[in-house]
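Novice: Below are the structure tokens for one structure; questions will follow.
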Amino acid sequence: MKIIVVKDDKQGGQAACELFKKELEQKNDAVFGLATGSTPISTYEALVHSNLDFNNSISVNLDEYVGLSSDHPQSYNYYMQEHLFRYKPFRESYLPNGGATDEEREISRYNAILEKNPIDLQLLGIGRNGHIGFNEPGTDFDLKTHKVELTESTIAANARFFNNSQDVPRYAYSMGIGSILKSKKIILEAFGNSKAEAIKNMIEGPVTQECPASVLQRHPNVTVILDEEAAQKLK
Ligand code: F6R
């Protein structure tokens with residue numbers, strides 16, 4: 001793993017933006033795997049203010065809440081429109097459809113999209129418990145897209161985006177770790193004290209399902225972008 005330590009999330013976003021730029025220079029129809037949450041916001045801001053053009057590129061997002069349709073303000077579809085797609089449209093953009101009535105069919109549809117569009121560069125955040133996508137501790141490393149029951153700690157962490165924790169959906173569709181590992185390159189970003197323990201476990205701990213992100217030690221091309229707080233527990 002290549003580790004880049006920056007001063008703050010703004011610099012982290014700039015660093016990630018540079019890697020997106022490099023990817024586009026090599027392949028202007030690259031497939032980008034995208035994440036939501038607080039962490040990638042500075043990256044999307046940097047992309048929005050850059051002169052990069054994604055008109056030939058494809059985006060495929062990691063996850064979406066089950067039960068929230070794409071126009072729900074807390075859905076990840078909505079988040080992506082607000083933070084990126086309205087400013088930087090892609091040729092095609094895919095997210096799971098949280099409003100799908102047939103869940104099995106939705107999972108198959110998403111896996112077919114991933115088969116057809118192998119990810120060149122995947123952007124990831126990390127949960128305090130080491131989750132990537134919504135792959136919580138204990139998740140099988142081989143899984144493709146699946147329906148996940150969120151843990152109480154993830155529901156509590158995400159409650160800040162909702163009126164109260166009762167409103168946070170209990171399930172999500174998520175790319176599996178098997179799908180994430182197929183990406184040719186991966187960037188994982190983490191900012192702030194609350195991520196320091198997970199980062200230490202991911203980089204210096206054993207590869208274990210208890211810290212899903214630790215599986216990234218097995219991937220040949222991972223860049224980790226950290227601020228000083230998130231890096232503070234590393235040796
Ligand atoms: C979001 C995602 C999650 C988040 C993680 C960290 O698409 O897949 O794994 O990256 O929960 O969330 P934040 O960035 O809000 O701390």
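Naming works like this for the structure tokens: A, B, ... for the chains as they're shown, residue 1 at the start of each chain, ligands 1 onward in shown order.
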Can you write out as CSV which residues of chain A fall within 9 Å of ligand 1, alongside each residue's closest atom pair and its distance in Å to one decimal, counting only C-alpha atoms and all ligand atoms and ordering rows by chain and ascending residue number?

Specialist:
```
residue,atom,partner,partner_atom_place_in_ligand_line,distance
A:Leu34,CA,ligand 1,7 (O),7.2
A:Ala35,CA,ligand 1,7 (O),3.8
A:Thr36,CA,ligand 1,7 (O),3.7
A:Gly37,CA,ligand 1,15 (O),3.5
A:Ser38,CA,ligand 1,15 (O),3.9
A:Thr39,CA,ligand 1,14 (O),3.6
A:Pro40,CA,ligand 1,14 (O),6.5
A:Ile41,CA,ligand 1,14 (O),8.3
A:Asn61,CA,ligand 1,7 (O),7.2
A:Leu62,CA,ligand 1,7 (O),5.5
A:Asp63,CA,ligand 1,7 (O),5.5
A:Glu64,CA,ligand 1,7 (O),7.4
A:Tyr76,CA,ligand 1,7 (O),7.5
A:Leu123,CA,ligand 1,10 (O),8.8
A:Leu124,CA,ligand 1,10 (O),5.7
A:Gly125,CA,ligand 1,10 (O),3.4
A:Ile126,CA,ligand 1,6 (C),4.5
A:Gly127,CA,ligand 1,5 (C),4.2
A:Arg128,CA,ligand 1,6 (C),7.4
A:Asn129,CA,ligand 1,11 (O),9.0
A:Gly130,CA,ligand 1,9 (O),8.5
A:His131,CA,ligand 1,9 (O),5.8
A:Ile132,CA,ligand 1,9 (O),4.2
A:Gly133,CA,ligand 1,8 (O),3.1
A:Phe134,CA,ligand 1,9 (O),5.2
A:Asn135,CA,ligand 1,9 (O),7.5
A:Glu136,CA,ligand 1,9 (O),8.8
A:Thr154,CA,ligand 1,11 (O),7.0
A:Ala157,CA,ligand 1,15 (O),7.7
A:Asn158,CA,ligand 1,15 (O),7.1
A:Ser174,CA,ligand 1,8 (O),7.6
A:Met175,CA,ligand 1,8 (O),8.7
A:Leu188,CA,ligand 1,10 (O),8.8
A:Glu189,CA,ligand 1,14 (O),8.4
A:Ala190,CA,ligand 1,14 (O),7.5
A:Phe191,CA,ligand 1,16 (O),8.1
A:Ser194,CA,ligand 1,16 (O),8.6
A:Lys195,CA,ligand 1,16 (O),8.0
```

Novice: Could the residues in this selection be saved with C-alpha atoms as an mmCIF file, in the first residue's frame?

Specialist:
```cif
data_model
loop_
_atom_site.group_PDB
_atom_site.id
_atom_site.type_symbol
_atom_site.label_atom_id
_atom_site.label_comp_id
_atom_site.auth_asym_id
_atom_site.auth_seq_id
_atom_site.Cartn_x
_atom_site.Cartn_y
_atom_site.Cartn_z
ATOM 1 C CA LEU A 34 -17.451 6.054 -6.293
ATOM 2 C CA ALA A 35 -18.355 6.343 -2.614
ATOM 3 C CA THR A 36 -20.618 8.588 -0.550
ATOM 4 C CA GLY A 37 -20.529 9.805 3.076
ATOM 5 C CA SER A 38 -18.553 12.725 4.515
ATOM 6 C CA THR A 39 -15.099 11.557 3.488
ATOM 7 C CA PRO A 40 -15.204 11.972 -0.314
ATOM 8 C CA ILE A 41 -16.874 15.389 -0.210
ATOM 9 C CA ASN A 61 -21.259 3.549 -6.917
ATOM 10 C CA LEU A 62 -20.569 1.270 -4.000
ATOM 11 C CA ASP A 63 -23.893 1.231 -2.270
ATOM 12 C CA GLU A 64 -27.393 2.539 -1.619
ATOM 13 C CA TYR A 76 -26.940 8.032 -2.202
ATOM 14 C CA LEU A 123 -12.626 5.467 -4.336
ATOM 15 C CA LEU A 124 -13.344 4.209 -0.803
ATOM 16 C CA GLY A 125 -13.977 5.605 2.661
ATOM 17 C CA ILE A 126 -13.750 3.471 5.772
ATOM 18 C CA GLY A 127 -16.159 2.990 8.667
ATOM 19 C CA ARG A 128 -15.008 3.253 12.295
ATOM 20 C CA ASN A 129 -15.388 -0.517 12.523
ATOM 21 C CA GLY A 130 -13.288 -1.034 9.386
ATOM 22 C CA HIS A 131 -16.169 -1.501 6.948
ATOM 23 C CA ILE A 132 -15.721 -0.686 3.262
ATOM 24 C CA GLY A 133 -18.833 -0.126 1.193
ATOM 25 C CA PHE A 134 -21.387 -1.524 3.616
ATOM 26 C CA ASN A 135 -19.393 -4.684 4.163
ATOM 27 C CA GLU A 136 -19.542 -4.918 7.932
ATOM 28 C CA THR A 154 -23.157 2.203 11.375
ATOM 29 C CA ALA A 157 -22.864 6.993 12.693
ATOM 30 C CA ASN A 158 -25.260 7.678 9.807
ATOM 31 C CA SER A 174 -23.533 -2.949 -1.302
ATOM 32 C CA MET A 175 -20.891 -4.073 -3.724
ATOM 33 C CA LEU A 188 -8.989 4.775 0.340
ATOM 34 C CA GLU A 189 -9.391 8.069 2.175
ATOM 35 C CA ALA A 190 -9.766 8.637 5.923
ATOM 36 C CA PHE A 191 -9.860 11.884 7.833
ATOM 37 C CA SER A 194 -12.513 8.628 14.724
ATOM 38 C CA LYS A 195 -10.855 6.670 11.878
#
```

Novice: Got a sec to tell me which of segment 80-224 of chain A DSSP assigns to strand (DSSP E), as a PyMOL selection string?

Specialist: chain A and resi 92-94+121-124+146-149+171-174+185-190+222-224

Novice: Please write the residues from the selection above to a file, keeping N, CA and C atoms, as a PDB file, in the first residue's frame.

Specialist:
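The file below, part.pdb, is the result:
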```pdb
ATOM      1  N   GLU A  92     -22.194   7.511 -18.404  1.00  0.00           N
ATOM      2  CA  GLU A  92     -23.195   6.649 -17.749  1.00  0.00           C
ATOM      3  C   GLU A  92     -22.855   6.624 -16.267  1.00  0.00           C
ATOM      4  N   SER A  93     -23.866   6.695 -15.422  1.00  0.00           N
ATOM      5  CA  SER A  93     -23.653   6.611 -13.971  1.00  0.00           C
ATOM      6  C   SER A  93     -24.602   5.575 -13.385  1.00  0.00           C
ATOM      7  N   TYR A  94     -24.045   4.674 -12.604  1.00  0.00           N
ATOM      8  CA  TYR A  94     -24.858   3.603 -12.024  1.00  0.00           C
ATOM      9  C   TYR A  94     -24.799   3.613 -10.511  1.00  0.00           C
ATOM     10  N   LEU A 121     -10.637   2.591 -11.342  1.00  0.00           N
ATOM     11  CA  LEU A 121     -10.187   3.289 -10.127  1.00  0.00           C
ATOM     12  C   LEU A 121     -11.359   3.381  -9.155  1.00  0.00           C
ATOM     13  N   GLN A 122     -11.198   2.758  -8.010  1.00  0.00           N
ATOM     14  CA  GLN A 122     -12.269   2.758  -6.991  1.00  0.00           C
ATOM     15  C   GLN A 122     -11.902   3.679  -5.837  1.00  0.00           C
ATOM     16  N   LEU A 123     -12.802   4.583  -5.487  1.00  0.00           N
ATOM     17  CA  LEU A 123     -12.626   5.467  -4.336  1.00  0.00           C
ATOM     18  C   LEU A 123     -13.389   4.876  -3.143  1.00  0.00           C
ATOM     19  N   LEU A 124     -12.708   4.772  -2.002  1.00  0.00           N
ATOM     20  CA  LEU A 124     -13.344   4.209  -0.803  1.00  0.00           C
ATOM     21  C   LEU A 124     -13.167   5.131   0.388  1.00  0.00           C
ATOM     22  N   HIS A 146     -24.585  -7.521  -2.614  1.00  0.00           N
ATOM     23  CA  HIS A 146     -25.488  -8.221  -1.697  1.00  0.00           C
ATOM     24  C   HIS A 146     -26.291  -7.229  -0.876  1.00  0.00           C
ATOM     25  N   LYS A 147     -27.335  -7.770  -0.208  1.00  0.00           N
ATOM     26  CA  LYS A 147     -28.140  -6.939   0.682  1.00  0.00           C
ATOM     27  C   LYS A 147     -27.580  -7.112   2.087  1.00  0.00           C
ATOM     28  N   VAL A 148     -27.357  -5.991   2.761  1.00  0.00           N
ATOM     29  CA  VAL A 148     -26.656  -6.005   4.039  1.00  0.00           C
ATOM     30  C   VAL A 148     -27.563  -5.484   5.131  1.00  0.00           C
ATOM     31  N   GLU A 149     -27.529  -6.113   6.297  1.00  0.00           N
ATOM     32  CA  GLU A 149     -28.195  -5.530   7.456  1.00  0.00           C
ATOM     33  C   GLU A 149     -27.153  -4.650   8.150  1.00  0.00           C
ATOM     34  N   TYR A 171     -31.238  -1.570   6.097  1.00  0.00           N
ATOM     35  CA  TYR A 171     -30.587  -2.419   5.081  1.00  0.00           C
ATOM     36  C   TYR A 171     -30.010  -1.555   3.962  1.00  0.00           C
ATOM     37  N   ALA A 172     -29.006  -2.088   3.318  1.00  0.00           N
ATOM     38  CA  ALA A 172     -28.435  -1.411   2.147  1.00  0.00           C
ATOM     39  C   ALA A 172     -28.043  -2.469   1.124  1.00  0.00           C
ATOM     40  N   TYR A 173     -27.967  -2.049  -0.128  1.00  0.00           N
ATOM     41  CA  TYR A 173     -27.301  -2.866  -1.146  1.00  0.00           C
ATOM     42  C   TYR A 173     -25.854  -2.401  -1.166  1.00  0.00           C
ATOM     43  N   SER A 174     -24.940  -3.340  -1.224  1.00  0.00           N
ATOM     44  CA  SER A 174     -23.533  -2.949  -1.302  1.00  0.00           C
ATOM     45  C   SER A 174     -22.784  -3.855  -2.268  1.00  0.00           C
ATOM     46  N   LYS A 185      -7.327  -0.269  -9.565  1.00  0.00           N
ATOM     47  CA  LYS A 185      -6.646   0.599  -8.587  1.00  0.00           C
ATOM     48  C   LYS A 185      -7.669   1.011  -7.539  1.00  0.00           C
ATOM     49  N   ILE A 186      -7.179   1.238  -6.328  1.00  0.00           N
ATOM     50  CA  ILE A 186      -8.072   1.642  -5.238  1.00  0.00           C
ATOM     51  C   ILE A 186      -7.450   2.832  -4.504  1.00  0.00           C
ATOM     52  N   ILE A 187      -8.286   3.824  -4.204  1.00  0.00           N
ATOM     53  CA  ILE A 187      -7.876   4.910  -3.297  1.00  0.00           C
ATOM     54  C   ILE A 187      -8.770   4.785  -2.076  1.00  0.00           C
ATOM     55  N   LEU A 188      -8.188   4.720  -0.895  1.00  0.00           N
ATOM     56  CA  LEU A 188      -8.989   4.775   0.340  1.00  0.00           C
ATOM     57  C   LEU A 188      -8.611   6.047   1.079  1.00  0.00           C
ATOM     58  N   GLU A 189      -9.622   6.816   1.445  1.00  0.00           N
ATOM     59  CA  GLU A 189      -9.391   8.069   2.175  1.00  0.00           C
ATOM     60  C   GLU A 189      -9.940   7.949   3.589  1.00  0.00           C
ATOM     61  N   ALA A 190      -9.231   8.557   4.554  1.00  0.00           N
ATOM     62  CA  ALA A 190      -9.766   8.637   5.923  1.00  0.00           C
ATOM     63  C   ALA A 190      -9.265   9.915   6.569  1.00  0.00           C
ATOM     64  N   VAL A 222      -3.072  -0.092  -4.079  1.00  0.00           N
ATOM     65  CA  VAL A 222      -3.923   0.694  -3.170  1.00  0.00           C
ATOM     66  C   VAL A 222      -3.154   1.930  -2.721  1.00  0.00           C
ATOM     67  N   THR A 223      -3.780   3.100  -2.835  1.00  0.00           N
ATOM     68  CA  THR A 223      -3.227   4.336  -2.283  1.00  0.00           C
ATOM     69  C   THR A 223      -4.132   4.777  -1.138  1.00  0.00           C
ATOM     70  N   VAL A 224      -3.538   4.993   0.024  1.00  0.00           N
ATOM     71  CA  VAL A 224      -4.307   5.404   1.203  1.00  0.00           C
ATOM     72  C   VAL A 224      -3.990   6.875   1.450  1.00  0.00           C
TER      73      VAL A 224
END
```

Novice: Extract the full set of alpha helix (DSSP H) residues from chain A according to DSSP on the backbone, and format it as a PDB file with C-alpha atoms, in the first residue's frame.

Specialist:
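result37.pdb was written with the following content:
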```
ATOM      1  CA  ASP A   9      -9.282  16.707   4.108  1.00  0.00           C
ATOM      2  CA  LYS A  10      -8.989  19.585   1.646  1.00  0.00           C
ATOM      3  CA  GLN A  11      -5.439  18.549   0.737  1.00  0.00           C
ATOM      4  CA  GLY A  12      -6.597  14.934   0.722  1.00  0.00           C
ATOM      5  CA  GLY A  13      -9.287  15.803  -1.813  1.00  0.00           C
ATOM      6  CA  GLN A  14      -6.676  17.508  -3.994  1.00  0.00           C
ATOM      7  CA  ALA A  15      -4.430  14.452  -3.823  1.00  0.00           C
ATOM      8  CA  ALA A  16      -7.289  12.152  -4.848  1.00  0.00           C
ATOM      9  CA  CYS A  17      -8.260  14.560  -7.641  1.00  0.00           C
ATOM     10  CA  GLU A  18      -4.693  14.271  -9.008  1.00  0.00           C
ATOM     11  CA  LEU A  19      -5.083  10.483  -9.157  1.00  0.00           C
ATOM     12  CA  PHE A  20      -8.398  10.823 -11.001  1.00  0.00           C
ATOM     13  CA  LYS A  21      -6.648  13.162 -13.437  1.00  0.00           C
ATOM     14  CA  LYS A  22      -3.832  10.676 -14.027  1.00  0.00           C
ATOM     15  CA  GLU A  23      -6.378   7.938 -14.689  1.00  0.00           C
ATOM     16  CA  LEU A  24      -8.259  10.071 -17.218  1.00  0.00           C
ATOM     17  CA  GLU A  25      -5.011  10.961 -18.989  1.00  0.00           C
ATOM     18  CA  GLN A  26      -4.327   7.258 -19.475  1.00  0.00           C
ATOM     19  CA  ILE A  41     -16.874  15.389  -0.210  1.00  0.00           C
ATOM     20  CA  SER A  42     -13.535  17.243  -0.452  1.00  0.00           C
ATOM     21  CA  THR A  43     -12.567  15.022  -3.393  1.00  0.00           C
ATOM     22  CA  TYR A  44     -15.810  15.815  -5.202  1.00  0.00           C
ATOM     23  CA  GLU A  45     -15.267  19.514  -4.484  1.00  0.00           C
ATOM     24  CA  ALA A  46     -11.787  19.288  -6.001  1.00  0.00           C
ATOM     25  CA  LEU A  47     -13.163  17.435  -9.046  1.00  0.00           C
ATOM     26  CA  VAL A  48     -15.954  19.986  -9.478  1.00  0.00           C
ATOM     27  CA  TYR A  76     -26.940   8.032  -2.202  1.00  0.00           C
ATOM     28  CA  ASN A  77     -28.360   8.660  -5.695  1.00  0.00           C
ATOM     29  CA  TYR A  78     -29.411  12.117  -4.518  1.00  0.00           C
ATOM     30  CA  TYR A  79     -26.062  12.717  -2.795  1.00  0.00           C
ATOM     31  CA  MET A  80     -24.174  11.931  -6.016  1.00  0.00           C
ATOM     32  CA  GLU A 103     -34.452  -7.186  -4.512  1.00  0.00           C
ATOM     33  CA  GLU A 104     -32.917 -10.307  -6.046  1.00  0.00           C
ATOM     34  CA  ARG A 105     -33.381  -8.876  -9.508  1.00  0.00           C
ATOM     35  CA  GLU A 106     -31.794  -5.594  -8.430  1.00  0.00           C
ATOM     36  CA  ILE A 107     -28.743  -7.427  -7.089  1.00  0.00           C
ATOM     37  CA  SER A 108     -28.387  -9.376 -10.372  1.00  0.00           C
ATOM     38  CA  ARG A 109     -28.800  -6.186 -12.382  1.00  0.00           C
ATOM     39  CA  TYR A 110     -26.012  -4.520 -10.416  1.00  0.00           C
ATOM     40  CA  ASN A 111     -23.673  -7.475 -10.720  1.00  0.00           C
ATOM     41  CA  ALA A 112     -24.250  -7.491 -14.493  1.00  0.00           C
ATOM     42  CA  ILE A 113     -23.330  -3.776 -14.600  1.00  0.00           C
ATOM     43  CA  LEU A 114     -20.089  -4.513 -12.737  1.00  0.00           C
ATOM     44  CA  GLU A 115     -19.257  -7.412 -15.068  1.00  0.00           C
ATOM     45  CA  LYS A 116     -19.779  -5.197 -18.102  1.00  0.00           C
ATOM     46  CA  GLU A 152     -26.049  -0.520  15.170  1.00  0.00           C
ATOM     47  CA  SER A 153     -22.733   1.396  15.076  1.00  0.00           C
ATOM     48  CA  THR A 154     -23.157   2.203  11.375  1.00  0.00           C
ATOM     49  CA  ILE A 155     -26.796   3.225  11.926  1.00  0.00           C
ATOM     50  CA  ALA A 156     -25.674   5.477  14.809  1.00  0.00           C
ATOM     51  CA  ALA A 157     -22.864   6.993  12.693  1.00  0.00           C
ATOM     52  CA  ASN A 158     -25.260   7.678   9.807  1.00  0.00           C
ATOM     53  CA  ILE A 177     -15.582  -7.192  -1.128  1.00  0.00           C
ATOM     54  CA  GLY A 178     -15.073  -9.601  -4.049  1.00  0.00           C
ATOM     55  CA  SER A 179     -16.354  -6.880  -6.417  1.00  0.00           C
ATOM     56  CA  ILE A 180     -14.244  -4.158  -4.773  1.00  0.00           C
ATOM     57  CA  LEU A 181     -11.056  -6.242  -5.014  1.00  0.00           C
ATOM     58  CA  ALA A 196      -7.409   6.230  13.492  1.00  0.00           C
ATOM     59  CA  GLU A 197      -8.084   2.813  15.043  1.00  0.00           C
ATOM     60  CA  ALA A 198      -9.650   1.400  11.880  1.00  0.00           C
ATOM     61  CA  ILE A 199      -6.688   2.679   9.834  1.00  0.00           C
ATOM     62  CA  LYS A 200      -4.197   1.046  12.169  1.00  0.00           C
ATOM     63  CA  ASN A 201      -6.065  -2.265  11.968  1.00  0.00           C
ATOM     64  CA  MET A 202      -6.369  -2.011   8.203  1.00  0.00           C
ATOM     65  CA  ILE A 203      -2.675  -1.351   7.569  1.00  0.00           C
ATOM     66  CA  GLU A 204      -0.827  -3.004  10.462  1.00  0.00           C
ATOM     67  CA  GLU A 228      -2.557  13.458  10.439  1.00  0.00           C
ATOM     68  CA  GLU A 229      -5.358  12.535  12.854  1.00  0.00           C
ATOM     69  CA  ALA A 230      -6.335   9.414  10.963  1.00  0.00           C
ATOM     70  CA  ALA A 231      -2.636   8.449  10.649  1.00  0.00           C
TER      71      ALA A 231
END
```

Novice: Go through A:Thr208, A:Ser50, A:Thr101, A:Asn55 one by one, measure the shortest atom-to-atom distance of each to Gly67 of chain A using only C-alpha atoms, and give the residue with the smallest value.

Specialist: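 Closest to Gly67 of chain A of all the choices is A:Thr101.
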
Novice: Please list as a list of chain:residue names every residue within 7 Å of Ser69 of chain A, counting only C-alpha atoms and excluding residues in the same chain fewer than 6 positions away.

Specialist: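 Here the qualifying residues turn out to be A:Ser75, A:Asn97, A:Gly98, A:Gly99.
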
Novice: What is the distance, in Å and to one decimal place, between atom CA of Ser59 of chain A and atom CA of His83 of chain A?

Specialist: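 Interatomic distance here is 13.7 Å.
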
Novice: Which residues, written as a list in words, have at least one atom at most 7 Å from Ile4 of chain A, with only C-alpha atoms counted and residues fewer than 2 positions away on the same chain left out?

Specialist: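 The filter keeps Lys2, Val6, Val224, Ile225 and Leu226 of chain A.
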
Novice: For Val207 of chain A, list every protein, DNA or RNA residue within 8 Å, evaluated using only C-alpha atoms, and leave out those in the same chain fewer than 6 positions away; present the list as an MDAnalysis selection string.

Specialist: chainID A and resid 214:215 217

Novice: Keeping N, CA and C atoms, export the residues of the selection given above as a PDB file, in the first residue's frame.

Specialist:
```pdb
ATOM      1  N   SER A 214      -8.951  -4.596   6.020  1.00  0.00           N
ATOM      2  CA  SER A 214      -7.625  -5.225   6.070  1.00  0.00           C
ATOM      3  C   SER A 214      -7.364  -6.072   4.820  1.00  0.00           C
ATOM      4  N   VAL A 215      -8.442  -6.490   4.134  1.00  0.00           N
ATOM      5  CA  VAL A 215      -8.263  -7.303   2.929  1.00  0.00           C
ATOM      6  C   VAL A 215      -7.528  -6.512   1.836  1.00  0.00           C
ATOM      7  N   GLN A 217      -4.820  -5.190   2.033  1.00  0.00           N
ATOM      8  CA  GLN A 217      -3.390  -5.562   2.063  1.00  0.00           C
ATOM      9  C   GLN A 217      -3.063  -6.549   0.942  1.00  0.00           C
TER      10      GLN A 217
END
```
